[in-house]
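*Asks:* Just dropping this structure here.
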Amino acid sequence: MIQLELVKKVFPNTTVPAVDEVTFSINKGNICVFVGPSGCGKTTILRMINRLVEPTSGNIYVDGENILDVDSDELRRRIGYVIQQIGLLPHRTIEQNVGLVPRLLKWSEAKIKQRVMELLEIVGLDPVETAWKYPYQLSGGQMQRAGVARALAADPPIMLMDEPFGAVDPIVRGRLQDEFLRLQQEVKKTICFVTHDINEALKMGDYIVVMNMGKLVQKGTPMEVLSNPANKFVKDMIGDDRGVKLLDLTRAESLMTAVTEGSAAARDCSCFLDAIQPVKMALEVMMKNDSDVVGICRGKEVVGTLSWTEIKKHIHKISGDQE
Amino acid sequence: MNFELERFVEAMLDRSPPYILEHLQLVLIPLGIATAIAFPVGVLLTRPRFRRYTGRVMSIFNAGQTIPPLAVIAVFFPFLGLGYWPAVIALTIYALLPIARNTLAGLAAVPREVKDAARGMGMTEWQILSQVELPLSLPVVMSGIKTSAVLTAGTAALAALVGGKGMGAVIFAGINFFRMELILAGTIYIGIIAVLLDRVLTFVEEKMTPSYMK
């Protein structure tokens, strides 16, 4: 768990605070995404949590402990850190890079070797192929994976990720995001994630913290931020396709009309969708099958129907709030 | 000035060789001392605590190179007199700048994000310096030492003027006696020494350069 209390940072020779009295907390096992334009202070917040930047005032607690009471090097070894530029040591092999923190923590060589191989596997790199290579021999996507593996190496409960997938093309980025979310289901880290991409924020975050000019503008779940933007800044950042984005976050089951298996309504459906899929997928299925209604299933059972009219009504309701 | 092949051969084979080792010494000792001074100073000047002195210290090193070695000897003459050691001191001062400058440049060229990531992983300042910054900047530092070596090999000829011996003795004998053969032989040997030093240090440099940089 991470808590920030009225944290403020004014860099030397500047008057405007880079981070201005920000307060929030991140619960254990959650991904909290900081999103905002460049210069909004999101990276500075991240770097204050592992003391790469010291706050001017305010307090930061990690697992209830004031981080100023912990030796900064010790603290950093307990916190995973991934940056956009990756920063793999160019003169060390991938094995040595991933094993960096365990070596600092003086694990036994055998244990380090085993852990590195295991991690490379986890992040989707072939251990036998990759371990002995130097960073320059990897592709951008592979380097990002190695960066994530290095941050996970000593199994830190907390991860700080500064635009970790920012340096790769959109296709690879999407794949890395999906894989990371799947990985997070298993490892349940407490994660601070920085991005300037609102779509990435909505996709990755359990919570979103919107920042602008050093100030916290809004915090909430992606659903809350989307359906109830705090001001024009947040609304502009989300973009004009707010309704569609919401459909991406809304599960089909939350809008469906419940029906019973074998009923006439259920039998009328020519196409089906799993209940936990987003409403956006329902639209996709409808379009593909040239149908106005889709059956919603849990397992093999049809539990509801979702029609184009219902979706339209829903969008209209959200857009109605907007004006 | 005349040139006689026979005398030139004699100069090359008999007169000059005894001075080779002397001259090498006159290069390697100042080079060693200069490295021992300029390298740590260069490293210190890139540390946050001393960074503000960088300009001042570098201008001292700069001055060391702009002042002719003979003038340096003149300055030290009252304390050290003439001979071998004043020559060594003058050459040392001369060799400082390229090494210090390349140490600074090499350390400055270590990518920021690499240092940032290393710090973020929890490496101590000393670990970052010894395991990240120095290995990554070593090739640039080595090329500074190489520059100094070649520079010193040439300049060391002047040592003979103050009784510091070396291959310069052959050249100045040639000048004094109007013997072109001696001047040429001395110059050629200095050239060979410079080239050999360059080759040896290049070899060392290549050995030190990790494969990813080649």
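Labels for the structure tokens follow display order: chains A, B, ..., residues from 1 in each chain, ligands from 1.
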Pull out every residue of chain B sitting within 9 Å of chain A, counting only C-alpha atoms, and send them as a list of chain:residue names.

*Replies:*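 So the residues of chain B near chain A are B:Pro111, B:Arg112, B:Glu113, B:Val114, B:Lys115, B:Asp116, B:Ala117, B:Ala118, B:Arg119, B:Gly120, B:Met121, B:Gly122, B:Met123, B:Thr124, B:Val132, B:Pro135, B:Leu136, B:Pro210, B:Ser211, B:Tyr212, B:Met213.
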
*Asks:* Please identify all polymer residues within 7 Å of Met256 in chain A, counting only C-alpha atoms, omitting same-chain residues fewer than 6 positions from it, and present them as a list in words.

*Replies:*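 In the requested format, the answer is Gly304, Thr305 and Leu306 of chain A.
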
*Asks:* Hey, what does DSSP flag as alpha helix (DSSP H) within range 99-191 of chain B? Can you give it to me as number ranges by chain?

*Replies:* B: 99-108, 112-120, 125-127, 134-155, 168-176, 180-191

*Asks:* Excluding Pro139 in chain B and any residue of its chain fewer than 4 positions from it, enumerate the residues within 7 Å of it, using only C-alpha atoms, and give them as a PyMOL selection string.

*Replies:* chain B and resi 143+205+208-209

*Asks:* Output the selection as a PDB file, in the first residue's frame - C-alpha atoms for each residue.

*Replies:*
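Okay, this is what ended up in part11.pdb:
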ATOM      1  CA  SER B 143      41.605   6.883 -26.263  1.00  0.00           C
ATOM      2  CA  GLU B 205      41.544  -0.486 -25.826  1.00  0.00           C
ATOM      3  CA  MET B 208      38.651  -3.459 -22.913  1.00  0.00           C
ATOM      4  CA  THR B 209      35.810  -2.533 -25.235  1.00  0.00           C
TER       5      THR B 209
END

*Asks:* Give me the residues near Phe180 in chain A as a ChimeraX atom specification, where near means some atom within 12 Å (using only C-alpha atoms) and where sequence neighbours in that chain fewer than 4 positions away do not count.

*Replies:* /A:31,122-124,144-145,148-149,152,161,164-165,172-176,184-189,191,193,203-205

*Asks:* Grab the CA of Asp162 in chain A to CA of Gly140 in chain A distance for me, in Å with one decimal place.

*Replies:* 15.9 Å

*Asks:* Under the rule that only C-alpha atoms are counted, which of A:Val259, A:Glu179, A:Val33, A:Ile315 is the nearest residue to Ser227 in chain A?

*Replies:*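 So, comparing all the options, the nearest one is A:Ile315.
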
*Asks:* Using only C-alpha atoms, which residues sit within 7 Å of Val302 in chain A once same-chain residues fewer than 5 positions away are excluded, as a VMD selection string?

*Replies:* chain A and resid 261 266 295 to 297

*Asks:* Filtering to C-alpha atoms, could you give me those residues as a PDB file, in the first residue's frame?

*Replies:*
ATOM      1  CA  GLU A 261     -32.907 -20.443 -21.418  1.00  0.00           C
ATOM      2  CA  ALA A 266     -33.482 -16.681 -26.453  1.00  0.00           C
ATOM      3  CA  GLY A 295     -27.834 -13.401 -27.025  1.00  0.00           C
ATOM      4  CA  ILE A 296     -25.774 -13.103 -23.858  1.00  0.00           C
ATOM      5  CA  CYS A 297     -24.404 -16.373 -22.491  1.00  0.00           C
TER       6      CYS A 297
END

*Asks:* Provide the CA of Asn102 in chain B to CA of Arg56 in chain B distance in Å, to one decimal place.

*Replies:*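 Result for CA of Asn102 in chain B versus CA of Arg56 in chain B: 16.4 Å, one decimal.
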
*Asks:* Any chance you could list, as a short mmCIF file (atom, residue, chain, number, x, y, z; two decimals) with all heavy atoms, in the first residue's frame, the residues in range 192-311 of chain A that come up strand (DSSP E or B) when DSSP is run on the backbone?

*Replies:*
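And here is the file that came out, states.cif:
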data_model
loop_
_atom_site.label_atom_id
_atom_site.label_comp_id
_atom_site.auth_asym_id
_atom_site.auth_seq_id
_atom_site.Cartn_x
_atom_site.Cartn_y
_atom_site.Cartn_z
N CYS A 192 2.13 1.50 -9.52
CA CYS A 192 1.95 2.88 -9.96
C CYS A 192 2.36 2.93 -11.41
O CYS A 192 3.49 2.57 -11.74
CB CYS A 192 2.88 3.82 -9.20
SG CYS A 192 2.27 4.28 -7.64
N PHE A 193 1.48 3.37 -12.24
CA PHE A 193 1.71 3.29 -13.68
C PHE A 193 1.53 4.69 -14.25
O PHE A 193 0.50 5.32 -14.02
CB PHE A 193 0.68 2.33 -14.26
CG PHE A 193 0.92 1.87 -15.67
CD1 PHE A 193 1.35 0.58 -15.94
CD2 PHE A 193 0.69 2.73 -16.74
CE1 PHE A 193 1.54 0.15 -17.24
CE2 PHE A 193 0.89 2.30 -18.04
CZ PHE A 193 1.32 1.01 -18.29
N VAL A 194 2.52 5.17 -14.97
CA VAL A 194 2.42 6.52 -15.54
C VAL A 194 2.25 6.43 -17.05
O VAL A 194 2.94 5.65 -17.71
CB VAL A 194 3.70 7.33 -15.21
CG1 VAL A 194 3.84 8.52 -16.14
CG2 VAL A 194 3.66 7.81 -13.77
N THR A 195 1.32 7.18 -17.60
CA THR A 195 1.17 7.23 -19.04
C THR A 195 0.57 8.57 -19.44
O THR A 195 -0.04 9.26 -18.63
CB THR A 195 0.28 6.09 -19.56
OG1 THR A 195 0.17 6.18 -20.97
CG2 THR A 195 -1.11 6.15 -18.95
N TYR A 207 -7.54 2.09 -10.78
CA TYR A 207 -7.84 3.48 -10.45
C TYR A 207 -7.08 4.38 -11.40
O TYR A 207 -6.01 4.03 -11.86
CB TYR A 207 -7.43 3.80 -9.02
CG TYR A 207 -8.32 3.13 -8.03
CD1 TYR A 207 -7.96 1.88 -7.51
CD2 TYR A 207 -9.53 3.70 -7.65
CE1 TYR A 207 -8.80 1.23 -6.63
CE2 TYR A 207 -10.37 3.05 -6.77
CZ TYR A 207 -10.00 1.82 -6.26
OH TYR A 207 -10.83 1.18 -5.40
N ILE A 208 -7.65 5.55 -11.65
CA ILE A 208 -6.97 6.52 -12.49
C ILE A 208 -6.82 7.81 -11.70
O ILE A 208 -7.75 8.23 -11.00
CB ILE A 208 -7.79 6.78 -13.78
CG1 ILE A 208 -7.79 5.53 -14.65
CG2 ILE A 208 -7.23 7.95 -14.56
CD1 ILE A 208 -8.55 5.70 -15.93
N VAL A 209 -5.65 8.40 -11.79
CA VAL A 209 -5.43 9.72 -11.20
C VAL A 209 -5.10 10.65 -12.35
O VAL A 209 -4.09 10.48 -13.03
CB VAL A 209 -4.28 9.71 -10.18
CG1 VAL A 209 -3.96 11.12 -9.72
CG2 VAL A 209 -4.63 8.83 -8.99
N VAL A 210 -5.99 11.62 -12.62
CA VAL A 210 -5.75 12.55 -13.70
C VAL A 210 -5.00 13.76 -13.13
O VAL A 210 -5.40 14.34 -12.13
CB VAL A 210 -7.06 13.02 -14.36
CG1 VAL A 210 -6.77 13.92 -15.55
CG2 VAL A 210 -7.88 11.82 -14.81
N MET A 211 -3.87 14.09 -13.77
CA MET A 211 -3.04 15.20 -13.29
C MET A 211 -2.97 16.30 -14.35
O MET A 211 -3.01 16.03 -15.54
CB MET A 211 -1.61 14.72 -13.05
CG MET A 211 -1.43 13.58 -12.09
SD MET A 211 -1.23 14.12 -10.40
CE MET A 211 0.12 15.28 -10.55
N ASN A 212 -2.88 17.52 -13.88
CA ASN A 212 -2.60 18.63 -14.79
C ASN A 212 -1.85 19.72 -14.03
O ASN A 212 -2.26 20.12 -12.94
CB ASN A 212 -3.90 19.19 -15.38
CG ASN A 212 -3.63 20.20 -16.48
OD1 ASN A 212 -2.62 20.13 -17.17
ND2 ASN A 212 -4.52 21.16 -16.63
N LYS A 215 -1.23 19.44 -10.33
CA LYS A 215 -2.37 19.23 -9.43
C LYS A 215 -3.13 17.96 -9.79
O LYS A 215 -3.22 17.58 -10.95
CB LYS A 215 -3.31 20.43 -9.51
CG LYS A 215 -2.73 21.69 -8.89
CD LYS A 215 -3.87 22.61 -8.45
CE LYS A 215 -3.36 23.71 -7.55
NZ LYS A 215 -2.39 24.60 -8.20
N LEU A 216 -3.69 17.34 -8.75
CA LEU A 216 -4.55 16.19 -8.96
C LEU A 216 -5.91 16.72 -9.40
O LEU A 216 -6.54 17.50 -8.68
CB LEU A 216 -4.65 15.42 -7.65
CG LEU A 216 -5.30 14.05 -7.66
CD1 LEU A 216 -4.80 13.23 -6.49
CD2 LEU A 216 -6.80 14.14 -7.63
N VAL A 217 -6.35 16.34 -10.59
CA VAL A 217 -7.61 16.87 -11.11
C VAL A 217 -8.77 15.95 -10.76
O VAL A 217 -9.84 16.39 -10.38
CB VAL A 217 -7.54 17.03 -12.64
CG1 VAL A 217 -8.84 17.63 -13.17
CG2 VAL A 217 -6.36 17.91 -13.02
N GLN A 218 -8.56 14.64 -10.90
CA GLN A 218 -9.62 13.69 -10.59
C GLN A 218 -9.03 12.34 -10.29
O GLN A 218 -8.03 11.93 -10.87
CB GLN A 218 -10.59 13.56 -11.79
CG GLN A 218 -11.81 12.72 -11.47
CD GLN A 218 -12.84 12.71 -12.60
OE1 GLN A 218 -12.58 13.22 -13.70
NE2 GLN A 218 -14.00 12.15 -12.32
N LYS A 219 -9.62 11.65 -9.32
CA LYS A 219 -9.23 10.25 -9.12
C LYS A 219 -10.48 9.40 -9.05
O LYS A 219 -11.53 9.85 -8.57
CB LYS A 219 -8.38 10.09 -7.86
CG LYS A 219 -8.96 10.68 -6.60
CD LYS A 219 -7.97 10.59 -5.45
CE LYS A 219 -8.47 11.41 -4.25
NZ LYS A 219 -7.52 11.45 -3.15
N GLY A 220 -10.38 8.20 -9.56
CA GLY A 220 -11.54 7.31 -9.56
C GLY A 220 -11.28 6.11 -10.43
O GLY A 220 -10.22 5.99 -11.04
N ARG A 251 -19.65 -4.15 -19.18
CA ARG A 251 -19.86 -5.55 -19.53
C ARG A 251 -21.25 -5.74 -20.11
O ARG A 251 -22.21 -5.09 -19.67
CB ARG A 251 -19.72 -6.42 -18.29
CG ARG A 251 -18.29 -6.60 -17.88
CD ARG A 251 -18.22 -7.48 -16.67
NE ARG A 251 -16.82 -7.75 -16.34
CZ ARG A 251 -16.45 -8.61 -15.41
NH1 ARG A 251 -17.38 -9.27 -14.73
NH2 ARG A 251 -15.19 -8.81 -15.15
N THR A 257 -31.14 -7.58 -21.06
CA THR A 257 -32.44 -7.92 -20.51
C THR A 257 -32.42 -9.41 -20.21
O THR A 257 -32.15 -10.22 -21.11
CB THR A 257 -33.56 -7.65 -21.54
OG1 THR A 257 -33.34 -6.36 -22.09
CG2 THR A 257 -34.94 -7.73 -20.90
N ALA A 258 -32.67 -9.77 -18.96
CA ALA A 258 -32.57 -11.18 -18.58
C ALA A 258 -33.68 -11.99 -19.25
O ALA A 258 -34.82 -11.54 -19.32
CB ALA A 258 -32.65 -11.32 -17.06
N PHE A 272 -24.27 -14.88 -30.51
CA PHE A 272 -24.13 -14.90 -29.05
C PHE A 272 -22.80 -14.27 -28.60
O PHE A 272 -21.85 -14.17 -29.36
CB PHE A 272 -24.23 -16.33 -28.54
CG PHE A 272 -25.52 -16.97 -28.93
CD1 PHE A 272 -25.61 -17.73 -30.09
CD2 PHE A 272 -26.66 -16.76 -28.16
CE1 PHE A 272 -26.80 -18.29 -30.47
CE2 PHE A 272 -27.87 -17.33 -28.55
CZ PHE A 272 -27.95 -18.10 -29.70
N LEU A 273 -22.83 -13.87 -27.32
CA LEU A 273 -21.64 -13.24 -26.76
C LEU A 273 -21.54 -13.63 -25.29
O LEU A 273 -22.56 -13.78 -24.61
CB LEU A 273 -21.77 -11.70 -26.86
CG LEU A 273 -20.59 -10.87 -26.41
CD1 LEU A 273 -19.48 -10.93 -27.46
CD2 LEU A 273 -21.00 -9.41 -26.20
N ASP A 274 -20.27 -13.78 -24.79
CA ASP A 274 -20.11 -14.11 -23.39
C ASP A 274 -20.45 -12.90 -22.51
O ASP A 274 -20.19 -11.76 -22.88
CB ASP A 274 -18.66 -14.54 -23.14
CG ASP A 274 -18.55 -15.32 -21.85
OD1 ASP A 274 -18.91 -16.51 -21.86
OD2 ASP A 274 -18.15 -14.73 -20.83
N PRO A 278 -17.14 -6.89 -23.26
CA PRO A 278 -17.65 -5.51 -23.27
C PRO A 278 -18.77 -5.32 -24.29
O PRO A 278 -18.86 -6.08 -25.26
CB PRO A 278 -16.42 -4.69 -23.66
CG PRO A 278 -15.52 -5.64 -24.35
CD PRO A 278 -15.77 -6.98 -23.72
N VAL A 293 -29.98 -7.90 -32.46
CA VAL A 293 -30.00 -8.37 -31.08
C VAL A 293 -28.99 -9.51 -30.92
O VAL A 293 -28.74 -10.28 -31.86
CB VAL A 293 -31.43 -8.80 -30.67
CG1 VAL A 293 -31.92 -9.92 -31.57
CG2 VAL A 293 -31.49 -9.20 -29.21
N VAL A 294 -28.38 -9.55 -29.74
CA VAL A 294 -27.39 -10.59 -29.51
C VAL A 294 -27.73 -11.32 -28.20
O VAL A 294 -28.19 -10.70 -27.23
CB VAL A 294 -25.96 -9.99 -29.48
CG1 VAL A 294 -25.83 -8.92 -28.44
CG2 VAL A 294 -24.92 -11.07 -29.28
N GLY A 295 -27.57 -12.63 -28.23
CA GLY A 295 -27.83 -13.40 -27.02
C GLY A 295 -26.62 -13.37 -26.10
O GLY A 295 -25.49 -13.47 -26.55
N ILE A 296 -26.89 -13.18 -24.81
CA ILE A 296 -25.77 -13.10 -23.86
C ILE A 296 -25.70 -14.42 -23.09
O ILE A 296 -26.70 -14.86 -22.52
CB ILE A 296 -26.00 -11.93 -22.87
CG1 ILE A 296 -26.24 -10.63 -23.62
CG2 ILE A 296 -24.83 -11.81 -21.91
CD1 ILE A 296 -25.09 -10.15 -24.45
N CYS A 297 -24.52 -15.05 -23.09
CA CYS A 297 -24.40 -16.37 -22.49
C CYS A 297 -23.49 -16.36 -21.28
O CYS A 297 -22.52 -15.60 -21.22
CB CYS A 297 -23.79 -17.36 -23.48
SG CYS A 297 -24.44 -17.22 -25.12
N ARG A 298 -23.84 -17.22 -20.32
CA ARG A 298 -22.87 -17.58 -19.28
C ARG A 298 -22.58 -19.05 -19.48
O ARG A 298 -23.48 -19.87 -19.31
CB ARG A 298 -23.45 -17.33 -17.89
CG ARG A 298 -23.34 -15.89 -17.47
CD ARG A 298 -23.34 -15.72 -15.95
NE ARG A 298 -23.45 -14.29 -15.66
CZ ARG A 298 -24.60 -13.68 -15.42
NH1 ARG A 298 -25.72 -14.35 -15.37
NH2 ARG A 298 -24.62 -12.37 -15.22
N GLU A 301 -25.22 -21.43 -21.45
CA GLU A 301 -26.61 -21.04 -21.19
C GLU A 301 -26.87 -19.61 -21.64
O GLU A 301 -26.09 -18.71 -21.36
CB GLU A 301 -26.85 -21.15 -19.68
CG GLU A 301 -28.30 -21.26 -19.28
CD GLU A 301 -28.42 -21.27 -17.75
OE1 GLU A 301 -27.40 -21.62 -17.10
OE2 GLU A 301 -29.48 -20.90 -17.25
N VAL A 302 -27.97 -19.38 -22.32
CA VAL A 302 -28.34 -18.01 -22.70
C VAL A 302 -29.05 -17.38 -21.52
O VAL A 302 -30.05 -17.91 -21.03
CB VAL A 302 -29.27 -18.01 -23.94
CG1 VAL A 302 -29.62 -16.58 -24.32
CG2 VAL A 302 -28.61 -18.73 -25.09
N VAL A 303 -28.52 -16.29 -21.03
CA VAL A 303 -29.12 -15.69 -19.83
C VAL A 303 -29.77 -14.34 -20.12
O VAL A 303 -30.44 -13.77 -19.26
CB VAL A 303 -28.07 -15.49 -18.71
CG1 VAL A 303 -27.64 -16.82 -18.15
CG2 VAL A 303 -26.89 -14.68 -19.23
N GLY A 304 -29.54 -13.79 -21.32
CA GLY A 304 -30.16 -12.50 -21.60
C GLY A 304 -30.02 -12.13 -23.05
O GLY A 304 -29.38 -12.83 -23.85
N THR A 305 -30.63 -11.01 -23.39
CA THR A 305 -30.48 -10.49 -24.74
C THR A 305 -30.09 -9.03 -24.64
O THR A 305 -30.42 -8.34 -23.67
CB THR A 305 -31.79 -10.56 -25.55
OG1 THR A 305 -32.78 -9.79 -24.87
CG2 THR A 305 -32.26 -11.99 -25.71
N LEU A 306 -29.37 -8.58 -25.63
CA LEU A 306 -28.96 -7.18 -25.67
C LEU A 306 -29.25 -6.69 -27.08
O LEU A 306 -28.79 -7.26 -28.06
CB LEU A 306 -27.46 -7.07 -25.36
CG LEU A 306 -26.87 -5.66 -25.30
CD1 LEU A 306 -27.60 -4.80 -24.28
CD2 LEU A 306 -25.39 -5.74 -24.96
N SER A 307 -30.09 -5.65 -27.16
CA SER A 307 -30.48 -5.18 -28.49
C SER A 307 -29.81 -3.85 -28.80
O SER A 307 -29.37 -3.12 -27.90
CB SER A 307 -31.99 -5.03 -28.57
OG SER A 307 -32.39 -3.96 -27.73
#

*Asks:* Please list as a list in words every residue within 9 Å of Leu151 in chain B, counting only C-alpha atoms and excluding residues in the same chain fewer than 3 positions away.

*Replies:*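 Answer for this query is Tyr94, Ala95, Lys146, Thr147, Ser148, Gly154, Thr155, Ala156 and Ala194 of chain B.
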